[in-house]
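Novice: Next comes the structure file structure.cif, holding mmCIF, C-alpha atoms.
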```
data_structure
#
loop_
_atom_site.label_atom_id
_atom_site.label_comp_id
_atom_site.auth_asym_id
_atom_site.auth_seq_id
_atom_site.Cartn_x
_atom_site.Cartn_y
_atom_site.Cartn_z
CA MET A 1 0.00 0.00 0.00
CA LYS A 2 1.66 3.19 -1.22
CA LYS A 3 1.25 6.51 0.54
CA VAL A 4 -0.65 8.89 -1.70
CA CYS A 5 -0.84 12.65 -2.14
CA ILE A 6 -2.75 15.34 -3.99
CA SER A 7 -0.01 17.02 -5.99
CA GLY A 8 -1.81 19.49 -8.24
CA SER A 9 -5.13 21.24 -8.74
CA GLY A 10 -6.73 23.06 -11.65
CA LEU A 11 -9.71 25.33 -12.23
CA PHE A 12 -11.71 26.43 -15.25
CA THR A 13 -13.86 29.52 -14.78
CA PRO A 14 -16.30 30.60 -17.53
CA ALA A 15 -15.69 34.03 -18.98
CA GLU A 16 -19.11 35.45 -18.11
CA SER A 17 -20.47 36.29 -14.66
CA VAL A 18 -24.04 37.18 -13.69
CA SER A 19 -24.55 39.45 -10.68
CA ASN A 20 -27.48 39.15 -8.31
CA ASP A 21 -28.86 42.41 -9.69
CA GLU A 22 -28.79 41.11 -13.27
CA LEU A 23 -30.45 37.86 -12.24
CA VAL A 24 -33.16 39.70 -10.31
CA ILE A 25 -33.97 41.99 -13.24
CA ALA A 26 -34.61 38.96 -15.46
CA PHE A 27 -36.57 37.08 -12.81
CA ASN A 28 -38.78 40.01 -11.90
CA ALA A 29 -39.52 40.72 -15.57
CA TYR A 30 -40.72 37.12 -15.86
CA VAL A 31 -42.81 37.52 -12.67
CA ASP A 32 -44.44 40.71 -13.94
CA ARG A 33 -45.35 39.08 -17.24
CA TYR A 34 -46.69 35.92 -15.55
CA ASN A 35 -48.83 37.86 -13.08
CA ALA A 36 -50.23 40.05 -15.87
CA GLU A 37 -51.09 37.05 -18.04
CA HIS A 38 -52.86 35.35 -15.11
CA ALA A 39 -54.39 38.47 -13.56
CA ASP A 40 -57.98 37.22 -13.71
CA ALA A 41 -57.14 33.82 -12.20
CA ILE A 42 -55.04 35.48 -9.52
CA ALA A 43 -57.93 37.82 -8.65
CA ALA A 44 -60.28 34.82 -8.48
CA GLY A 45 -57.91 32.99 -6.18
CA THR A 46 -57.41 30.00 -8.49
CA VAL A 47 -53.79 30.85 -9.32
CA ALA A 48 -51.17 32.11 -6.89
CA ALA A 49 -49.34 35.28 -7.85
CA LEU A 50 -45.56 35.00 -8.13
CA ALA A 51 -43.46 37.07 -5.74
CA PRO A 52 -40.51 39.11 -7.00
CA SER A 53 -36.94 38.42 -5.94
CA SER A 54 -34.25 40.85 -4.75
CA SER A 55 -30.49 40.95 -4.40
CA GLU A 56 -30.90 41.45 -0.65
CA PHE A 57 -33.04 38.31 -0.37
CA ILE A 58 -30.51 36.27 -2.34
CA PHE A 59 -27.50 37.34 -0.30
CA LYS A 60 -29.30 36.90 3.02
CA ALA A 61 -30.50 33.43 2.04
CA SER A 62 -27.22 32.17 0.63
CA GLY A 63 -24.25 34.53 0.85
CA ILE A 64 -24.08 34.52 -2.96
CA LYS A 65 -23.29 37.72 -4.86
CA ALA A 66 -22.65 36.39 -8.38
CA ARG A 67 -22.15 33.24 -10.41
CA TYR A 68 -20.27 32.27 -13.58
CA THR A 69 -22.16 30.74 -16.48
CA VAL A 70 -21.38 29.20 -19.85
CA ASP A 71 -24.04 31.45 -21.45
CA LYS A 72 -25.05 34.70 -19.79
CA ALA A 73 -27.34 35.94 -22.57
CA GLY A 74 -29.74 33.02 -22.25
CA VAL A 75 -29.78 33.08 -18.46
CA ILE A 76 -30.73 36.76 -18.15
CA ASP A 77 -33.23 36.83 -21.04
CA PRO A 78 -36.73 36.70 -19.46
CA GLU A 79 -37.98 34.86 -22.54
CA ILE A 80 -35.37 32.10 -22.19
CA MET A 81 -33.91 31.93 -18.65
CA HIS A 82 -31.48 29.08 -19.25
CA PRO A 83 -28.07 28.76 -20.92
CA GLN A 84 -28.17 28.22 -24.67
CA ILE A 85 -25.50 25.80 -25.84
CA ARG A 86 -24.58 25.11 -29.45
CA VAL A 87 -25.16 21.54 -30.57
CA ARG A 88 -21.77 20.04 -31.32
CA GLY A 89 -20.96 17.31 -33.77
CA ASN A 90 -20.02 13.90 -32.46
CA ASP A 91 -16.42 14.44 -33.54
CA GLU A 92 -16.09 17.67 -31.53
CA PRO A 93 -15.15 17.83 -27.84
CA SER A 94 -18.21 18.00 -25.62
CA LEU A 95 -18.61 21.21 -23.65
CA MET A 96 -18.05 19.40 -20.35
CA VAL A 97 -14.86 17.84 -21.70
CA GLU A 98 -13.69 21.19 -23.07
CA MET A 99 -14.08 22.71 -19.60
CA GLY A 100 -12.54 19.70 -17.89
CA LEU A 101 -9.51 19.74 -20.18
CA VAL A 102 -8.58 23.27 -19.09
CA ALA A 103 -8.75 22.31 -15.41
CA ALA A 104 -6.96 19.00 -16.02
CA LYS A 105 -4.05 20.56 -17.92
CA GLN A 106 -3.61 23.18 -15.19
CA ALA A 107 -3.64 20.49 -12.50
CA LEU A 108 -1.04 18.48 -14.40
CA ALA A 109 1.18 21.53 -14.83
CA ASN A 110 0.94 22.33 -11.11
CA ALA A 111 1.86 18.73 -10.29
CA GLY A 112 4.78 18.74 -12.73
CA ARG A 113 3.17 15.91 -14.67
CA THR A 114 2.00 15.26 -18.23
CA ALA A 115 -0.90 13.28 -19.60
CA ALA A 116 1.46 10.37 -20.19
CA ASP A 117 1.83 9.99 -16.42
CA ILE A 118 -1.90 9.42 -15.90
CA ASP A 119 -3.44 5.94 -15.89
CA ALA A 120 -6.90 6.70 -14.50
CA ILE A 121 -9.35 9.53 -15.18
CA LEU A 122 -12.49 9.92 -13.12
CA VAL A 123 -15.08 12.46 -14.21
CA ALA A 124 -16.97 12.98 -10.95
CA CYS A 125 -19.85 15.46 -11.07
CA SER A 126 -23.60 15.91 -10.70
CA ASN A 127 -24.78 15.74 -14.31
CA MET A 128 -23.30 14.21 -17.45
CA GLN A 129 -24.01 15.46 -20.97
CA ARG A 130 -24.78 11.92 -22.02
CA PRO A 131 -24.78 8.42 -20.52
CA TYR A 132 -22.24 6.95 -22.94
CA PRO A 133 -19.53 6.95 -24.14
CA ALA A 134 -18.33 8.07 -20.70
CA MET A 135 -17.25 11.69 -20.45
CA ALA A 136 -14.06 10.44 -18.75
CA VAL A 137 -13.13 8.32 -21.77
CA GLU A 138 -13.67 11.28 -24.07
CA LEU A 139 -11.55 13.48 -21.81
CA GLN A 140 -8.87 10.77 -21.73
CA HIS A 141 -8.84 10.78 -25.54
CA PHE A 142 -8.49 14.54 -25.97
CA LEU A 143 -5.98 14.80 -23.13
CA GLY A 144 -3.84 12.05 -24.65
CA ALA A 145 -3.68 9.88 -21.55
CA GLY A 146 -3.56 6.09 -21.38
CA GLY A 147 -5.07 3.65 -18.94
CA TYR A 148 -8.79 3.92 -18.28
CA GLY A 149 -11.55 6.34 -17.36
CA TYR A 150 -15.10 6.28 -16.10
CA ASP A 151 -17.81 8.59 -14.79
CA MET A 152 -19.09 8.94 -11.23
CA ASN A 153 -22.17 10.74 -9.94
CA VAL A 154 -22.76 11.31 -6.24
CA ALA A 155 -24.17 14.80 -6.72
CA CYS A 156 -22.36 17.57 -4.83
CA ALA A 157 -20.13 15.07 -3.03
CA SER A 158 -18.83 13.58 -6.29
CA ALA A 159 -15.32 15.07 -6.09
CA ALA A 160 -14.70 13.66 -2.61
CA PHE A 161 -15.93 10.25 -3.70
CA GLY A 162 -13.71 10.53 -6.77
CA VAL A 163 -10.68 11.34 -4.63
CA GLN A 164 -11.22 8.25 -2.47
CA THR A 165 -11.54 6.10 -5.59
CA ALA A 166 -8.36 7.63 -7.01
CA VAL A 167 -6.49 7.16 -3.72
CA ASP A 168 -7.54 3.50 -3.61
CA ALA A 169 -6.38 2.94 -7.21
CA VAL A 170 -3.00 4.61 -6.73
CA SER A 171 -2.25 3.14 -3.30
CA ARG A 172 -2.98 -0.38 -4.57
CA GLY A 173 -0.99 0.08 -7.76
CA SER A 174 -3.80 -0.23 -10.29
CA ALA A 175 -2.90 3.26 -11.54
CA ARG A 176 0.40 5.13 -11.44
CA ALA A 177 -1.45 8.41 -11.08
CA ALA A 178 -5.05 9.55 -11.41
CA LEU A 179 -7.02 12.65 -12.36
CA VAL A 180 -10.31 13.54 -10.68
CA VAL A 181 -12.12 16.02 -12.92
CA SER A 182 -15.39 17.75 -11.97
CA PRO A 183 -16.93 19.80 -14.81
CA GLU A 184 -20.20 21.31 -13.60
CA ILE A 185 -22.72 23.09 -15.85
CA CYS A 186 -25.15 23.58 -12.99
CA THR A 187 -27.07 26.38 -14.72
CA GLY A 188 -28.31 23.74 -17.16
CA HIS A 189 -30.44 21.97 -14.52
CA LEU A 190 -31.48 25.05 -12.56
CA ASN A 191 -35.05 26.38 -12.69
CA PHE A 192 -34.44 30.11 -13.11
CA ARG A 193 -38.20 30.69 -12.75
CA ASN A 194 -38.32 29.40 -9.17
CA ARG A 195 -37.78 32.19 -6.60
CA ASP A 196 -36.55 29.78 -3.92
CA CYS A 197 -33.63 28.49 -5.99
CA HIS A 198 -33.14 30.67 -9.11
CA PHE A 199 -29.92 32.12 -7.68
CA ILE A 200 -28.20 29.01 -6.32
CA PHE A 201 -25.97 27.60 -9.04
CA GLY A 202 -23.03 28.58 -11.22
CA ASP A 203 -20.70 26.80 -13.66
CA ALA A 204 -17.04 25.77 -13.30
CA ALA A 205 -14.69 22.80 -13.64
CA THR A 206 -11.96 21.52 -11.35
CA ALA A 207 -9.28 18.84 -11.43
CA LEU A 208 -6.99 17.14 -8.92
CA VAL A 209 -3.90 14.98 -9.53
CA VAL A 210 -3.55 12.02 -7.16
CA GLU A 211 -0.24 10.15 -7.20
CA PRO A 212 2.23 8.23 -5.00
CA LEU A 213 3.82 10.36 -2.34
CA GLU A 214 7.29 8.96 -2.98
CA THR A 215 7.48 10.18 -6.56
CA ALA A 216 5.48 13.43 -6.36
CA THR A 217 7.39 16.57 -7.29
CA GLY A 218 4.78 19.32 -7.30
CA GLU A 219 5.41 22.49 -5.31
CA HIS A 220 2.31 22.01 -3.15
CA ARG A 221 1.86 18.38 -2.14
CA PHE A 222 -0.68 17.14 0.37
CA GLU A 223 -0.40 13.66 1.81
CA VAL A 224 -3.80 11.99 2.07
CA LEU A 225 -4.10 10.87 5.69
CA GLY A 226 -7.55 9.38 5.26
CA THR A 227 -10.85 9.47 3.40
CA ARG A 228 -14.38 8.74 4.58
CA LEU A 229 -17.68 8.56 2.74
CA GLN A 230 -21.29 8.43 3.87
CA THR A 231 -24.66 8.24 2.14
CA GLN A 232 -28.24 8.39 3.39
CA PHE A 233 -31.27 8.37 1.10
CA SER A 234 -33.36 11.53 0.92
CA ASN A 235 -35.73 13.10 -1.60
CA ASN A 236 -35.10 16.60 -0.26
CA ILE A 237 -32.66 17.33 -3.10
CA ARG A 238 -33.69 15.73 -6.35
CA ASN A 239 -33.33 15.87 -10.14
CA ASN A 240 -35.70 13.61 -12.10
CA PHE A 241 -34.10 13.98 -15.52
CA GLY A 242 -33.31 10.64 -17.11
CA PHE A 243 -33.55 8.45 -20.18
CA LEU A 244 -36.96 7.09 -19.17
CA ASN A 245 -38.62 10.52 -19.11
CA ARG A 246 -40.05 10.07 -22.60
CA SER A 247 -41.54 6.71 -21.63
CA GLU A 248 -43.27 7.87 -18.45
CA GLU A 249 -47.05 8.19 -18.53
CA PRO A 250 -48.22 10.78 -17.88
CA SER A 251 -45.23 12.89 -18.83
CA ARG A 252 -43.56 14.85 -16.05
CA PRO A 253 -43.96 18.64 -16.11
CA TRP A 254 -40.84 20.38 -17.37
CA ASN A 255 -39.90 21.80 -13.97
CA ASP A 256 -39.95 18.32 -12.37
CA VAL A 257 -36.89 17.25 -14.34
CA LEU A 258 -34.85 20.18 -13.06
CA PHE A 259 -33.25 20.79 -9.67
CA ASN A 260 -35.68 20.67 -6.76
CA GLN A 261 -34.99 20.90 -3.05
CA GLU A 262 -36.61 21.40 0.33
CA GLY A 263 -34.02 23.89 1.54
CA ARG A 264 -34.98 24.10 5.21
CA LYS A 265 -35.11 20.32 5.58
CA VAL A 266 -31.74 19.97 3.85
CA PHE A 267 -30.16 22.51 6.19
CA LYS A 268 -31.60 20.85 9.29
CA GLU A 269 -30.58 17.32 8.31
CA VAL A 270 -27.29 17.76 6.46
CA VAL A 271 -25.51 20.05 8.95
CA PRO A 272 -25.42 17.51 11.82
CA MET A 273 -24.67 14.65 9.42
CA VAL A 274 -21.60 16.39 8.01
CA ALA A 275 -20.37 17.72 11.36
CA GLU A 276 -20.56 14.24 12.88
CA LEU A 277 -18.74 12.75 9.90
CA LEU A 278 -15.89 15.24 10.21
CA VAL A 279 -15.52 14.93 13.98
CA SER A 280 -15.54 11.12 13.91
CA HIS A 281 -13.10 11.02 10.98
CA LEU A 282 -10.64 13.38 12.63
CA THR A 283 -10.97 11.57 15.97
CA ASP A 284 -10.23 8.21 14.38
CA LEU A 285 -7.12 9.72 12.78
CA GLY A 286 -6.00 11.10 16.16
CA ILE A 287 -6.38 14.70 15.01
CA GLU A 288 -7.84 17.39 17.26
CA PRO A 289 -10.36 19.44 15.22
CA ASN A 290 -8.93 22.74 16.48
CA SER A 291 -5.52 21.77 15.11
CA VAL A 292 -6.90 21.72 11.55
CA LYS A 293 -5.65 24.79 9.72
CA ARG A 294 -8.11 24.78 6.83
CA PHE A 295 -11.56 23.40 6.04
CA TRP A 296 -12.32 23.42 2.30
CA LEU A 297 -16.06 22.89 2.53
CA HIS A 298 -18.70 22.39 -0.13
CA GLN A 299 -19.88 25.84 -1.21
CA ALA A 300 -23.69 25.76 -1.15
CA ASN A 301 -24.77 28.15 1.56
CA LEU A 302 -22.79 30.51 3.79
CA SER A 303 -24.82 29.82 6.94
CA MET A 304 -24.54 26.07 6.41
CA ASN A 305 -20.75 26.22 6.09
CA GLN A 306 -20.38 28.44 9.12
CA LEU A 307 -22.58 26.21 11.27
CA ILE A 308 -20.81 23.00 10.22
CA ALA A 309 -17.42 24.51 11.01
CA LYS A 310 -18.74 25.83 14.33
CA LYS A 311 -20.04 22.39 15.32
CA VAL A 312 -16.71 20.78 14.44
CA LEU A 313 -14.53 23.41 16.13
CA GLY A 314 -16.81 24.23 19.05
CA ARG A 315 -16.49 27.93 18.21
CA GLU A 316 -16.98 30.37 15.38
CA PRO A 317 -14.56 29.66 12.50
CA SER A 318 -12.38 32.37 11.03
CA ILE A 319 -12.53 33.10 7.32
CA GLU A 320 -8.97 31.75 7.08
CA GLU A 321 -10.03 28.44 8.61
CA ALA A 322 -13.10 28.01 6.39
CA PRO A 323 -12.65 30.16 3.26
CA ILE A 324 -15.65 31.07 1.13
CA ILE A 325 -15.79 31.23 -2.66
CA LEU A 326 -19.55 30.94 -3.16
CA ASP A 327 -19.97 34.72 -3.06
CA GLU A 328 -18.18 34.81 -6.43
CA TYR A 329 -18.95 31.33 -7.84
CA ALA A 330 -22.28 30.42 -6.16
CA ASN A 331 -22.91 26.70 -5.73
CA THR A 332 -20.91 24.78 -8.32
CA SER A 333 -21.93 21.40 -6.91
CA SER A 334 -18.99 18.96 -6.78
CA ALA A 335 -16.51 21.62 -7.91
CA GLY A 336 -17.11 23.94 -4.95
CA SER A 337 -14.87 22.39 -2.29
CA VAL A 338 -12.10 21.88 -4.84
CA ILE A 339 -12.32 25.52 -5.95
CA ALA A 340 -11.85 26.49 -2.30
CA PHE A 341 -8.85 24.13 -2.09
CA HIS A 342 -7.37 25.41 -5.34
CA LYS A 343 -7.57 29.05 -4.27
CA TYR A 344 -6.65 28.65 -0.61
CA HIS A 345 -3.90 26.08 -0.10
CA ALA A 346 -0.63 27.71 -1.13
CA ASP A 347 -0.21 29.56 2.18
CA LEU A 348 -0.26 26.42 4.33
CA LYS A 349 3.04 25.37 5.90
CA PRO A 350 4.61 21.89 6.01
CA GLY A 351 2.82 19.83 8.63
CA ASP A 352 -0.43 21.82 8.45
CA VAL A 353 -3.55 19.67 8.28
CA GLY A 354 -6.55 20.46 6.12
CA VAL A 355 -9.90 18.82 5.36
CA LEU A 356 -11.66 18.82 2.00
CA CYS A 357 -15.33 18.05 2.59
CA ALA A 358 -18.16 17.81 0.06
CA PHE A 359 -21.82 17.07 0.73
CA GLY A 360 -25.19 17.25 -0.95
CA ALA A 361 -27.95 15.23 -2.60
CA GLY A 362 -28.27 11.63 -1.69
CA TYR A 363 -27.71 12.63 1.03
CA SER A 364 -24.01 12.12 0.35
CA ALA A 365 -20.93 13.37 2.17
CA GLY A 366 -17.21 12.77 1.90
CA SER A 367 -14.14 14.01 3.74
CA VAL A 368 -10.50 13.94 2.67
CA VAL A 369 -7.97 14.74 5.41
CA VAL A 370 -4.58 15.91 4.14
CA ARG A 371 -1.26 17.17 5.50
CA LYS A 372 0.95 19.68 3.69
CA LEU A 373 4.43 18.37 2.89
#
```
The structure in this file should be written as structure tokens.

Specialist:
Amino acid sequence: MKKVCISGSGLFTPAESVSNDELVIAFNAYVDRYNAEHADAIAAGTVAALAPSSSEFIFKASGIKARYTVDKAGVIDPEIMHPQIRVRGNDEPSLMVEMGLVAAKQALANAGRTAADIDAILVACSNMQRPYPAMAVELQHFLGAGGYGYDMNVACASAAFGVQTAVDAVSRGSARAALVVSPEICTGHLNFRNRDCHFIFGDAATALVVEPLETATGEHRFEVLGTRLQTQFSNNIRNNFGFLNRSEEPSRPWNDVLFNQEGRKVFKEVVPMVAELLVSHLTDLGIEPNSVKRFWLHQANLSMNQLIAKKVLGREPSIEEAPIILDEYANTSSAGSVIAFHKYHADLKPGDVGVLCAFGAGYSAGSVVVRKL
């Protein structure tokens, strides 16, 4: 069993960002039109009027100020309110692969590796553009790597699950080195006409290189001290899109195949689940929670992150201990915790311990405890 480390990280950020104000203008224009078209039914009490949104409501509810998207024009057009993506030919790179390649090449460069050093590629994210061929195999092809690749989906926790899978493969010798790539086009499954969630998601892609500790040469190497995963079934976060949609009778309404959640229930149930996972994992590794220098948490909700860190530490966390990127990126599902890692790891000193933790639908949660070399 080889010791394993994370030796490089990469990030792709779309060129376009949508502010809360821009999102609210589009949403409220839709609300005004809807309420006008249904004025008689609303007056009769047979249809509920839609309530407008506001930037203040969004920030208070989530801590989000903006989000990146692969297509801003479609998202902020009240007539469209979703990203518009050009159909690509089968011989062209898929959009997810195009995003993932940027993150993967950056991660390889930061690790001092090339595609030839990689034997395993895991595309771990919430939604795939297609069921097959696997996005990972396509990415492997365009990257020029050997070995094998496959896709994983454990919703927002996918990256953490991917890291454990990569660690297992490298430590047991079935791969010399592995890439965990998380391309997330979350705006594609977001209902921008739902006030409770129209602001939640953004787009991004991340990548991590996992390789044997003994041969790693990257400037910032983190030995993986342990990984732990947990799942618990819940319908409180759900996406019903799938290949059987066209066969279902009666057909589902369009908004039922997009992201849906019971936010208050999720908050109440996921916070203790994740806090208990982290405390038990650190305890089993003989690590005192207050000795952890950095928590790279899943970036879904500011209050959720703060409360999880508080439960683990027994006190309010500092922004240095639990950095936040969701104000700029919003929730990027599986990419969120890795974005936080990518942006906030270079300052750690040798011997410092950090925890990458992702959690979300499933429910699913995963923690990766690392030590800076």

Novice: Given 6 Å on each side, where is the centre and what are the edge lengths in Å to one decimal of the axis-aligned box enclosing the listed atoms of range 234-247 of chain A, as AutoDock Vina command-line options?

Specialist:
```
--center_x -37.1 --center_y 12.0 --center_z -10.8 --size_x 20.9 --size_y 22.6 --size_z 35.5
```

Novice: Please evaluate the PyMOL selection byres ((chain A and resi 5) around 9) against the displayed coordinates and give the resulting residues as a PyMOL selection string.

Specialist: chain A and resi 3-4+6-7+167+209-214+216+221-225+370-371

Novice: I'd like to know which of A:Tyr344, A:Phe27, A:Phe259, A:Tyr34 is closest to Lys293 in chain A, using only C-alpha atoms.

Specialist: A:Tyr344

Novice: Can you list, as a count of residues only, every protein, DNA or RNA residue that comes within 10 Å of Ala73 in chain A when you count all atoms listed in the file, leaving out same-chain residues fewer than 2 positions away?

Specialist: 14

Novice: Please provide the set of residues having any atom within 7 Å of Gly202 in chain A, restricted to only C-alpha atoms, with same-chain residues fewer than 4 positions apart removed, written as an NGL selection string.

Specialist: :A and (67-69 or 186-187 or 329-332)

Novice: Just write the chosen residues, C-alpha atoms, as an mmCIF file, in the coordinates of the input.

Specialist:
```cif
data_model
loop_
_atom_site.group_PDB
_atom_site.id
_atom_site.type_symbol
_atom_site.label_atom_id
_atom_site.label_comp_id
_atom_site.auth_asym_id
_atom_site.auth_seq_id
_atom_site.Cartn_x
_atom_site.Cartn_y
_atom_site.Cartn_z
ATOM 1 C CA ARG A 67 -22.150 33.240 -10.410
ATOM 2 C CA TYR A 68 -20.270 32.270 -13.580
ATOM 3 C CA THR A 69 -22.160 30.740 -16.480
ATOM 4 C CA CYS A 186 -25.150 23.580 -12.990
ATOM 5 C CA THR A 187 -27.070 26.380 -14.720
ATOM 6 C CA TYR A 329 -18.950 31.330 -7.840
ATOM 7 C CA ALA A 330 -22.280 30.420 -6.160
ATOM 8 C CA ASN A 331 -22.910 26.700 -5.730
ATOM 9 C CA THR A 332 -20.910 24.780 -8.320
#
```

Novice: With all atoms listed in the file as the atoms that count, which of A:Gly147, A:Pro133, A:Gly89, A:Pro323 lies nearest to Ala115 in chain A?

Specialist: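 Using all atoms listed in the file, the shortest distance to Ala115 in chain A belongs to A:Gly147.
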
Novice: Kindly give the distance, in Å, that separates CA of Ala300 in chain A and CA of Phe57 in chain A, rounded to a single decimal.

Specialist: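 Pair CA of Ala300 in chain A / CA of Phe57 in chain A returns 15.7 Å.
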
Novice: Given the choices A:Asn290, A:Thr217, A:Ser62, A:Gln164, which gets closest to Met304 in chain A if the distance is worked out from only C-alpha atoms?

Specialist: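 Closest residue, counting only C-alpha atoms: A:Ser62.
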
Novice: Quick one: residues within 12 Å of Arg88 in chain A, all atoms listed in the file counted, chain neighbours fewer than 5 positions away excluded, as a list in words?

Specialist: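 Once the adjacent positions are removed, what remains is Pro93, Ser94, Leu95, Met96, Glu98 and Gln129 of chain A.
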
Novice: Would you put the residues from that selection into a file with C-alpha atoms, as a compact mmCIF listing (two decimals), keeping the file's coordinate frame?

Specialist:
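For reference, part_36.txt as written:
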```
# COMPACT_ATOMS: atom_id res chain seq x y z
CA PRO A 93 -15.15 17.83 -27.84
CA SER A 94 -18.21 18.00 -25.62
CA LEU A 95 -18.61 21.21 -23.65
CA MET A 96 -18.05 19.40 -20.35
CA GLU A 98 -13.69 21.19 -23.07
CA GLN A 129 -24.01 15.46 -20.97
```

Novice: Written as a list in words, which residues does the PyMOL selection byres ((chain A and resi 334) around 6) give for the file shown?

Specialist: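 Checked against the file, the PyMOL selection byres ((chain A and resi 334) around 6) matches Cys125, Cys156, Ala157, Ser158, Ala159, Ser333, Ala335 and Gly336 of chain A.
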
Novice: How many Å lie between CA of Lys310 in chain A and CA of Gly226 in chain A, rounded to one decimal?

Specialist: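 Interatomic distance, CA of Lys310 in chain A to CA of Gly226 in chain A: 21.9 Å.
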
Novice: For the structure provided, state which residues fall under the PyMOL selection byres ((chain A and resi 311) around 12), and present them as a ChimeraX atom specification.

Specialist: /A:271-279,289-290,304-310,312-317

Novice: Using all atoms listed in the file, find the one residue out of A:Ser54, A:Ser126, A:Ser337, A:Asn240 that sits nearest to Ala160 in chain A.

Specialist: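 Distance minimum relative to Ala160 in chain A lands on A:Ser337.
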
Novice: With all atoms listed in the file as the counted atoms, please give the residues lying no more than 8 Å from Ala166 in chain A, apart from itself and same-chain residues fewer than 2 positions off, as a ChimeraX atom specification.

Specialist: /A:120,122,162-164,168-170,178-180,210

Novice: A:Glu184, A:Asp256, A:Glu288, A:Glu248: which is nearest Gly354 in chain A, counting all atoms listed in the file?

Specialist: A:Glu288

Novice: One decimal, in Å: what's the spacing between CA of Ala66 in chain A and CA of Ala207 in chain A?

Specialist: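 Computed distance, CA of Ala66 in chain A to CA of Ala207 in chain A, equals 22.3 Å.
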